[in-house]
Amino acid sequence: MSEILPWITLVVCASAALARLPSAVRGVNPTLFLIFLLATAAGILSIEQFYMAIDGALGGINIAHVLLRLIVFATIYLIAVRVTKGFGAPDAHRMISGRPGLAMLAIFTAALVTVFLLMEPAASSVRFREAGAVSARNEALLPYYWAAARGYLAYVSLALLPALLRSVRESLPPLVRTGAALMAAGAVATVAGLCLEFAPLQLLVVAPAVNNGAVVFYTSGLVLVWMARVKAANRGGHGTSSTGR
Amino acid sequence: MPLPAKAFQRWLNGVAPDTSTAVICRVSGVKRTTLAQQLVRGKVAETTVVSISRAYDINPVAALATFDTYSDLVSSSLPPSDRELVSQIATVDLLRAVIVRTAPTGSAGTGSTGSGSTGSGSTGTGPPELSPPPHATSVKNWVDAIDDGELRHRVSAATGVAPQNYSAQLTANRLAPELAVATSRAAGVGLAGGLVATGLVTEAESGWPPGARQAALDRLSDGDLAALAGERLQALGKALRRQEQDQEQTERIWENLV
């Protein structure tokens, strides 16, 4: 079961990136394509076979995992910037791309890299699974590594959540509201993912579902908003710059 | 809420005996699939009865009155009040009346006659015809016209419809026929008025005398007319501004997320 989840996530993200390619080539909001592309890269690095190959090329000491976490940081940062601008949430926008937001990004990035460097090198293992088994020090440091990795995502998601929930209730096109609701679900799942790091072991079985769910929710939310635009344009609505022709 | 299919079948038998559903649908313009669906569900929409009555030259209000829910529709023949009548005049027509009354004679389009009618507003050749109801905000304007401040509560208590659902219908310029009649009942006005405001039946079908709206408009003093037009304009401005904001917001979403 937990082997297939990353594949589902990868397919969702890769399809979105592929679908977004023509618009990006035309120069329409290339950031969105970049978001899906980064999500796809993260999806690839979450699958064992690919991870082993890529990490092997990087020295086989799990540098690929740090890379994966940084890619995820970049993805959620870009999503958050777009969403706060699009849904008109200047406060949330400042909390993410303003000085406090960038400070948070720097702190979590530094923490992540530092903890990784403090750990003893461990042989490649997807999701950093076996790193804790190498030594007692690694075992002790691993929770901090994950706290840093998930902490920034949870911070951004919490900042986004009010704006997303507000948009669900506003009089926007139904597909946009559904998209906002899905992204809100993604934000909740992201925060839940952080909480699960500190949860008792019995709860850990749901962690893969929650973490992959977060990615799928965020991605499909973005896709739905895009669908709303396509629908509006097809109805002969306003501004058809991204579709048609 | 709509009419029970059994009662409808009985009524239909009286109206068009020995006529196939196919013929009835063709004559009345009701879609066959729609009617079939309504019959299967056991609930026939009031619009269906109205369309069929019109096709068979029956007064739709009288036809509705043969159903239990609407049995008091005909027996009450209270004439519409002036406030009701004026509420069913479109905002544009009100504004035109303001212009006709305030413009110096000559620029209103009629030169020689009608200068003697002070304040009545009817210029020589007669005013341009009022567009028939319903207009863009006719339902809300009608309820406001008969509301004594407690009307919504009374309707809600009588029908069990939550006030916010009721308000939502008014804002969307809709009102279920049963609710429209219940509203009239609660306000103590002619029962068919709400059916006119929602556009289910015409003024004439509901028994409003021809020209009644124009007459009520003419009876409005200049001050009342100007104030009323002002209220309507303000409401229109608010609605438009809200629309523009929604539009702006949607555009911003497209720009950033699409």
# chains A, B, ... in the order shown; residues from 1 in each chain; ligands from 1

call {"tool": "interface_residues", "arguments": {"of": "chain A", "to": "chain B", "cutoff": "8 Å", "atoms": "only C-alpha atoms", "output": "ChimeraX atom specification"}}
result
/A:28-29,32,82-83,85-88,171-173,222,225-226,229,242

call {"tool": "closest_atom_pairs", "arguments": {"of": "range 119-184 of chain A", "to": "range 38-47 of chain A", "cutoff": "12 Å", "atoms": "only C-alpha atoms", "output": "JSON lines"}}
result
{"residue": "A:Ser124", "atom": "CA", "partner": "A:Leu45", "partner_atom": "CA", "distance": 11.9}
{"residue": "A:Ser125", "atom": "CA", "partner": "A:Ser46", "partner_atom": "CA", "distance": 10.4}
{"residue": "A:Val126", "atom": "CA", "partner": "A:Ser46", "partner_atom": "CA", "distance": 6.8}
{"residue": "A:Arg127", "atom": "CA", "partner": "A:Ser46", "partner_atom": "CA", "distance": 6.7}
{"residue": "A:Phe128", "atom": "CA", "partner": "A:Ser46", "partner_atom": "CA", "distance": 10.0}
{"residue": "A:Arg129", "atom": "CA", "partner": "A:Ser46", "partner_atom": "CA", "distance": 11.6}

call {"tool": "residues_around", "arguments": {"residues": "Ile63 in chain A", "least_positions_apart": "3", "cutoff": "12 Å", "atoms": "only C-alpha atoms", "output": "list in words"}}
result
Leu45, Tyr51, Met52, Ile54, Asp55, Gly56, Ala57, Leu58, Gly59, Gly60, Val66, Leu67, Leu68, Arg69, Leu70, Leu112, Val113, Phe116, Leu117, Met119, Pro121, Ala122, Ala123, Ser124, Ser125, Val126, Arg127, Phe128 and Ala131 of chain A
